[in-house]
>>> print(open('query-v8.txt').read())   # compact mmCIF, C-alpha atoms
# COMPACT_ATOMS: atom_id res chain seq x y z
CA MET X 8 15.46 -23.65 -23.54
CA ALA X 9 12.58 -21.29 -22.72
CA GLY X 10 11.92 -23.23 -19.52
CA ILE X 11 15.58 -22.98 -18.49
CA LYS X 12 15.60 -19.25 -19.17
CA ALA X 13 12.39 -18.73 -17.16
CA THR X 14 13.89 -20.69 -14.25
CA ARG X 15 17.05 -18.62 -14.33
CA THR X 16 14.99 -15.45 -14.46
CA PHE X 17 12.95 -16.60 -11.45
CA PHE X 18 15.98 -17.31 -9.27
CA TYR X 19 17.76 -14.19 -10.48
CA PHE X 20 14.72 -12.06 -9.61
CA TRP X 21 14.57 -13.35 -6.06
CA LEU X 22 18.31 -13.21 -5.47
CA LEU X 23 18.36 -9.67 -6.84
CA ASN X 24 15.48 -8.53 -4.63
CA THR X 25 16.26 -10.42 -1.41
CA GLY X 26 20.05 -10.64 -1.57
CA LEU X 27 21.38 -12.87 1.21
CA ALA X 28 17.95 -13.58 2.69
CA ILE X 29 17.05 -16.77 0.78
CA PRO X 30 20.53 -18.40 1.05
CA LEU X 31 20.47 -17.66 4.79
CA ILE X 32 16.97 -19.11 5.11
CA ALA X 33 18.20 -22.32 3.47
CA ALA X 34 21.24 -22.40 5.77
CA GLY X 35 19.07 -21.78 8.83
CA LEU X 36 16.66 -24.58 7.90
CA TYR X 37 19.56 -26.97 7.38
CA LEU X 38 21.04 -26.06 10.75
CA ALA X 39 17.68 -26.39 12.50
CA TRP X 40 17.09 -29.82 11.00
CA ARG X 41 20.63 -31.06 11.73
CA LYS X 42 20.80 -29.72 15.29
CA GLY X 43 17.24 -30.89 15.86
CA SER X 44 18.44 -34.49 15.61
CA GLU X 45 19.99 -33.99 19.05
CA GLU X 46 17.59 -34.64 21.89
CA LYS X 47 18.39 -31.36 23.66
CA HIS X 48 17.60 -29.39 20.49
CA HIS X 49 14.52 -31.34 19.41
CA GLU X 50 12.46 -28.14 19.23
CA LEU X 51 14.64 -26.93 16.34
CA ARG X 52 13.49 -29.81 14.15
CA CYS X 53 9.90 -28.99 15.08
CA ALA X 54 10.57 -25.37 14.06
CA ALA X 55 11.92 -26.55 10.70
CA LEU X 56 8.73 -28.55 10.12
CA PHE X 57 6.65 -25.57 11.22
CA TYR X 58 8.22 -23.60 8.35
CA ILE X 59 6.43 -25.75 5.72
CA PRO X 60 3.25 -23.58 5.61
CA PHE X 61 5.38 -20.48 5.09
CA ALA X 62 7.21 -22.16 2.21
CA VAL X 63 3.82 -23.07 0.69
CA ILE X 64 2.77 -19.41 0.93
CA PHE X 65 5.92 -18.44 -0.98
CA VAL X 66 5.13 -20.95 -3.75
CA ILE X 67 1.49 -19.91 -4.04
CA ALA X 68 2.33 -16.20 -4.14
CA ASN X 69 4.73 -16.85 -7.02
CA ALA X 70 2.38 -19.14 -8.93
CA ALA X 71 -0.98 -17.39 -8.58
CA LYS X 72 -2.26 -13.86 -8.91
CA LEU X 73 -4.07 -13.30 -5.61
CA ALA X 74 -5.29 -9.75 -6.29
CA PRO X 75 -6.21 -7.66 -9.33
CA TRP X 76 -2.86 -5.85 -9.04
CA GLU X 77 0.13 -8.18 -9.31
CA TRP X 78 2.19 -6.31 -6.74
CA ASP X 79 -0.51 -6.88 -4.11
CA ASN X 80 0.87 -10.41 -3.69
CA ILE X 81 3.39 -8.75 -1.38
CA LYS X 82 0.58 -8.72 1.20
CA ILE X 83 0.80 -12.53 1.19
CA LEU X 84 4.58 -12.77 0.85
CA ILE X 85 5.06 -10.73 4.01
CA TYR X 86 3.83 -13.75 6.01
CA TRP X 87 6.44 -15.94 4.34
CA PHE X 88 9.14 -13.42 5.20
CA ALA X 89 7.98 -13.14 8.82
CA GLY X 90 8.23 -16.92 9.18
CA SER X 91 11.68 -16.88 7.58
CA ILE X 92 13.33 -14.35 9.90
CA PRO X 93 14.06 -16.85 12.74
CA PHE X 94 16.02 -19.06 10.35
CA ILE X 95 17.99 -16.13 8.95
CA THR X 96 18.83 -15.25 12.54
CA LEU X 97 19.82 -18.83 13.35
CA ALA X 98 22.28 -18.95 10.44
CA ILE X 99 23.91 -15.62 11.38
CA VAL X 100 24.15 -16.49 15.09
CA TRP X 101 25.64 -19.92 14.30
CA ALA X 102 28.38 -18.32 12.17
CA TRP X 103 29.05 -15.62 14.79
CA GLU X 104 29.48 -18.17 17.60
CA LYS X 105 32.10 -20.14 15.69
CA LYS X 106 35.74 -19.59 16.55
CA GLY X 107 36.96 -18.87 13.04
CA ILE X 108 37.54 -15.17 12.33
CA TRP X 109 36.26 -15.54 8.79
CA LEU X 110 32.91 -16.93 9.91
CA LYS X 111 32.53 -14.10 12.41
CA ALA X 112 33.35 -11.59 9.69
CA ALA X 113 30.83 -13.23 7.35
CA ALA X 114 28.15 -13.11 10.05
CA ALA X 115 28.84 -9.43 10.72
CA ALA X 116 28.81 -8.60 7.01
CA ALA X 117 25.54 -10.48 6.50
CA PHE X 118 23.93 -8.67 9.44
CA VAL X 119 25.05 -5.24 8.24
CA THR X 120 24.00 -5.96 4.66
CA LEU X 121 20.51 -7.12 5.64
CA VAL X 122 19.95 -4.20 8.00
CA ALA X 123 21.50 -1.56 5.73
CA SER X 124 18.99 -2.12 2.91
CA GLY X 125 16.10 -1.10 5.16
CA ALA X 126 18.16 1.62 6.81
CA LEU X 127 18.75 3.25 3.41
CA ASP X 128 14.99 3.53 2.84
CA VAL X 129 14.50 5.01 6.30
CA TYR X 130 17.35 7.48 5.72
CA ARG X 131 15.92 8.63 2.38
CA THR X 132 12.62 9.43 4.06
CA ALA X 133 14.11 10.94 7.24
CA SER X 134 16.52 13.14 5.26
CA GLY X 135 13.76 14.47 3.01
CA GLN X 136 15.14 12.91 -0.17
CA ASN X 137 11.96 10.89 -0.61
CA VAL X 138 8.89 13.02 0.04
CA ILE X 139 5.38 11.93 -0.90
CA LYS X 140 2.63 14.43 -0.10
CA VAL X 141 -0.80 12.95 0.56
CA PHE X 142 -2.72 15.88 2.07
CA ASP X 143 -1.71 19.53 2.11
CA ALA X 144 -2.44 21.99 4.94
CA ASP X 145 -5.53 23.45 3.27
CA GLY X 146 -6.87 19.95 2.63
CA VAL X 147 -6.60 19.15 6.33
CA LYS X 148 -8.32 22.44 7.25
CA ILE X 149 -11.22 21.90 4.85
CA ALA X 150 -11.65 18.37 6.20
CA GLU X 151 -12.02 19.81 9.69
CA ALA X 152 -14.56 22.29 8.37
CA ILE X 153 -16.51 19.49 6.67
CA LYS X 154 -16.71 17.61 9.98
CA ALA X 155 -17.84 20.72 11.79
CA LYS X 156 -20.41 22.02 9.30
CA THR X 157 -21.99 18.92 7.75
CA ALA X 158 -24.17 16.16 9.15
CA PRO X 159 -22.52 12.74 9.63
CA ALA X 160 -24.71 11.14 6.93
CA SER X 161 -24.03 13.88 4.34
CA LEU X 162 -23.22 12.79 0.80
CA ILE X 163 -20.35 14.76 -0.75
CA LEU X 164 -19.20 14.94 -4.33
CA ASN X 165 -15.43 14.97 -4.80
CA ALA X 166 -12.86 13.83 -7.34
CA PRO X 167 -12.46 10.02 -7.21
CA THR X 168 -8.89 10.07 -5.92
CA TYR X 169 -7.22 8.35 -2.97
CA ASN X 170 -6.25 11.62 -1.29
CA SER X 171 -9.42 13.67 -1.39
CA ALA X 172 -9.85 15.85 1.71
CA VAL X 173 -13.27 14.21 2.19
CA VAL X 174 -11.43 11.04 3.24
CA LEU X 175 -10.29 12.83 6.41
CA SER X 176 -13.77 14.04 7.26
CA GLY X 177 -15.45 10.67 7.74
CA ARG X 178 -18.28 11.72 5.42
CA ARG X 179 -19.67 9.68 2.53
CA SER X 180 -18.53 10.31 -1.03
CA LEU X 181 -20.55 9.71 -4.17
CA MET X 182 -17.44 8.02 -5.51
CA ARG X 183 -14.00 7.27 -4.12
CA TYR X 184 -10.70 6.15 -5.63
CA THR X 185 -11.19 4.25 -8.91
CA GLY X 186 -8.20 2.02 -8.18
CA HIS X 187 -9.85 0.68 -5.02
CA LEU X 188 -13.19 0.24 -6.76
CA SER X 189 -11.54 -1.65 -9.60
CA SER X 190 -9.64 -3.95 -7.24
CA HIS X 191 -12.97 -4.93 -5.66
CA GLY X 192 -14.54 -5.71 -9.04
CA ILE X 193 -16.96 -2.77 -8.95
CA ASP X 194 -18.16 -1.38 -12.28
CA TYR X 195 -17.87 2.36 -11.77
CA ALA X 196 -17.80 3.58 -15.40
CA GLU X 197 -21.28 5.16 -15.46
CA ARG X 198 -20.90 6.92 -12.12
CA GLU X 199 -17.45 8.22 -13.06
CA LYS X 200 -18.93 9.66 -16.24
CA ASP X 201 -21.68 11.36 -14.22
CA VAL X 202 -19.15 12.81 -11.76
CA LYS X 203 -17.25 14.38 -14.64
CA SER X 204 -20.48 15.77 -16.10
CA ILE X 205 -21.46 17.40 -12.80
CA TYR X 206 -18.13 19.17 -12.43
CA LEU X 207 -18.43 20.58 -15.96
CA GLY X 208 -21.63 22.33 -14.81
CA GLY X 209 -24.75 23.23 -16.77
CA GLY X 210 -28.26 21.80 -16.92
CA VAL X 211 -27.03 18.21 -16.92
CA ALA X 212 -25.22 18.86 -13.66
CA ASP X 213 -28.45 20.10 -12.05
CA ILE X 214 -30.22 16.90 -13.05
CA LEU X 215 -27.42 14.62 -11.80
CA LEU X 216 -27.12 16.44 -8.48
CA ARG X 217 -30.80 15.74 -7.85
CA LYS X 218 -30.53 12.17 -9.16
CA TYR X 219 -27.86 11.18 -6.66
CA GLY X 220 -29.14 13.29 -3.78
CA ILE X 221 -25.83 15.04 -3.29
CA ASP X 222 -25.66 17.37 -0.29
CA TYR X 223 -22.31 19.09 -0.82
CA VAL X 224 -19.73 19.51 -3.56
CA LEU X 225 -16.01 19.95 -2.95
CA VAL X 226 -14.06 22.00 -5.47
CA SER X 227 -10.31 21.89 -4.95
CA PRO X 228 -7.14 21.90 -7.09
CA ILE X 229 -7.70 18.19 -7.79
CA GLU X 230 -11.20 18.74 -9.17
CA ARG X 231 -9.99 21.67 -11.25
CA SER X 232 -7.02 19.85 -12.77
CA ASP X 233 -8.51 16.37 -13.20
CA LEU X 234 -12.19 17.14 -13.86
CA LYS X 235 -12.10 20.71 -15.24
CA ALA X 236 -14.40 21.88 -12.44
CA ASN X 237 -16.53 24.86 -13.44
CA ASP X 238 -16.10 27.39 -10.62
CA ASP X 239 -18.61 29.79 -12.18
CA TYR X 240 -21.31 27.10 -12.12
CA PHE X 241 -20.78 26.20 -8.47
CA SER X 242 -20.61 29.82 -7.35
CA LYS X 243 -24.42 29.93 -7.51
CA PHE X 244 -24.58 27.60 -4.50
CA PRO X 245 -24.03 28.69 -0.86
CA LEU X 246 -20.36 28.54 0.14
CA VAL X 247 -20.17 26.56 3.39
CA ALA X 248 -16.42 26.40 3.95
CA GLU X 249 -13.24 27.65 2.31
CA SER X 250 -9.50 27.17 2.83
CA GLY X 251 -7.00 28.31 0.23
CA GLN X 252 -8.08 26.82 -3.10
CA TYR X 253 -10.57 24.46 -1.40
CA ARG X 254 -14.27 25.32 -1.43
CA LEU X 255 -17.25 23.40 -0.14
CA TYR X 256 -20.67 24.23 -1.58
CA LYS X 257 -24.07 23.19 -0.27
CA VAL X 258 -26.22 22.06 -3.19
CA LYS X 259 -29.17 20.44 -1.43
>>> encode(input="query-v8.txt", output="structure tokens")
Amino acid sequence: MAGIKATRTFFYFWLLNTGLAIPLIAAGLYLAWRKGSEEKHHELRCAALFYIPFAVIFVIANAAKLAPWEWDNIKILIYWFAGSIPFITLAIVWAWEKKGIWLKAAAAAAFVTLVASGALDVYRTASGQNVIKVFDADGVKIAEAIKAKTAPASLILNAPTYNSAVVLSGRRSLMRYTGHLSSHGIDYAEREKDVKSIYLGGGVADILLRKYGIDYVLVSPIERSDLKANDDYFSKFPLVAESGQYRLYKVK
């Protein structure tokens, strides 16, 4: 019974998330194979056979975890979907070219349904309903200042987040986003602990700054909220650049 339930869950998941796509892929493959039996449409049967590697990709991506984060399998599944689009198109075009009004209506409905799902996502972003801020204006300005006032090989201390302004500067960071480090199997625990200790300030911070050979330290809203950055401690260093709540200090 558990196996039956798991199977139902599997098919339900894919039907729920892809809608008409998989049934249309199956219909397109059937049409390609059937029409490919005719000599003038032989290439369609070859196309159906060419789909086998894409089907294998779909199976592998559902059976194996190909990245530390489960959802990263989508990077593999996108190749399966790209190889499936011609067969979805074939099924819709076949129905549209038939004389029956109901088949034409079904083809039109399938086309609108498949396009509308993506259009809704685009509309939500274009209308401002779905807004995700990565960098703010001051972050962009401080990044420009970092590029202008630091050497290309400079080592900068910043909060280990994906959207640090240092990312825009092209300069090196003592530590970047922990999620990326983890996905590459890098043990970052000790360095993350040291980064937190430096931002708290004090004698330990002086020692760690020298240990890692850090040239500059960025103090921004991220460092203050996530790492409790000690502004009083860093104020003893020369202020190289400033924009809003962003400050860059030279410590070496």
>>> closest_atom_pairs(input="query-v8.txt", of="range 112-202 of chain X", to="range 58-75 of chain X", cutoff="9 Å", atoms="only C-alpha atoms", output="Markdown table")
| residue | atom | partner | partner_atom | distance |
| --- | --- | --- | --- | --- |
| X:Ser189 | CA | X:Pro75 | CA | 8.0 |
| X:Ser190 | CA | X:Pro75 | CA | 5.5 |
| X:His191 | CA | X:Pro75 | CA | 8.2 |
| X:Gly192 | CA | X:Pro75 | CA | 8.6 |
>>> atom_distance(input="query-v8.txt", atom1="CA of Ile163 in chain X", atom2="CA of Tyr184 in chain X")
13.8 Å
>>> axis_aligned_box(input="query-v8.txt", around="range 142-155 of chain X", padding_each_side="3 Å", output="lines of an AutoDock Vina configuration file")
center_x = -9.8
center_y = 19.7
center_z = 6.9
size_x = 22.1
size_y = 13.6
size_z = 15.7
>>> residues_around(input="query-v8.txt", residues="range 170-176 of chain X", least_positions_apart="3", cutoff="10 Å", atoms="all atoms listed in the file", output="PyMOL selection string")
chain X and resi 140-143+145-155+157+159+163-167+179-180+183-184+225+227+229-230+253
>>> atom_distance(input="query-v8.txt", atom1="CA of Tyr130 in chain X", atom2="CA of Val100 in chain X")
26.6 Å
>>> atom_distance(input="query-v8.txt", atom1="CA of Leu110 in chain X", atom2="CA of Ser124 in chain X")
21.5 Å
>>> residues_around(input="query-v8.txt", residues="Lys218 in chain X", least_positions_apart="5", cutoff="12 Å", atoms="all atoms listed in the file", output="number ranges by chain")
X: 181, 198, 201-202, 205, 211-213, 259
>>> residues_around(input="query-v8.txt", residues="Thr120 in chain X", least_positions_apart="4", cutoff="10 Å", atoms="all atoms listed in the file", output="ChimeraX atom specification")
/X:26-28,114-116,124-126
>>> residues_around(input="query-v8.txt", residues="range 52-54 of chain X", least_positions_apart="4", cutoff="9 Å", atoms="all atoms listed in the file", output="MDAnalysis selection string")
chainID X and resid 36 39:44 48 58
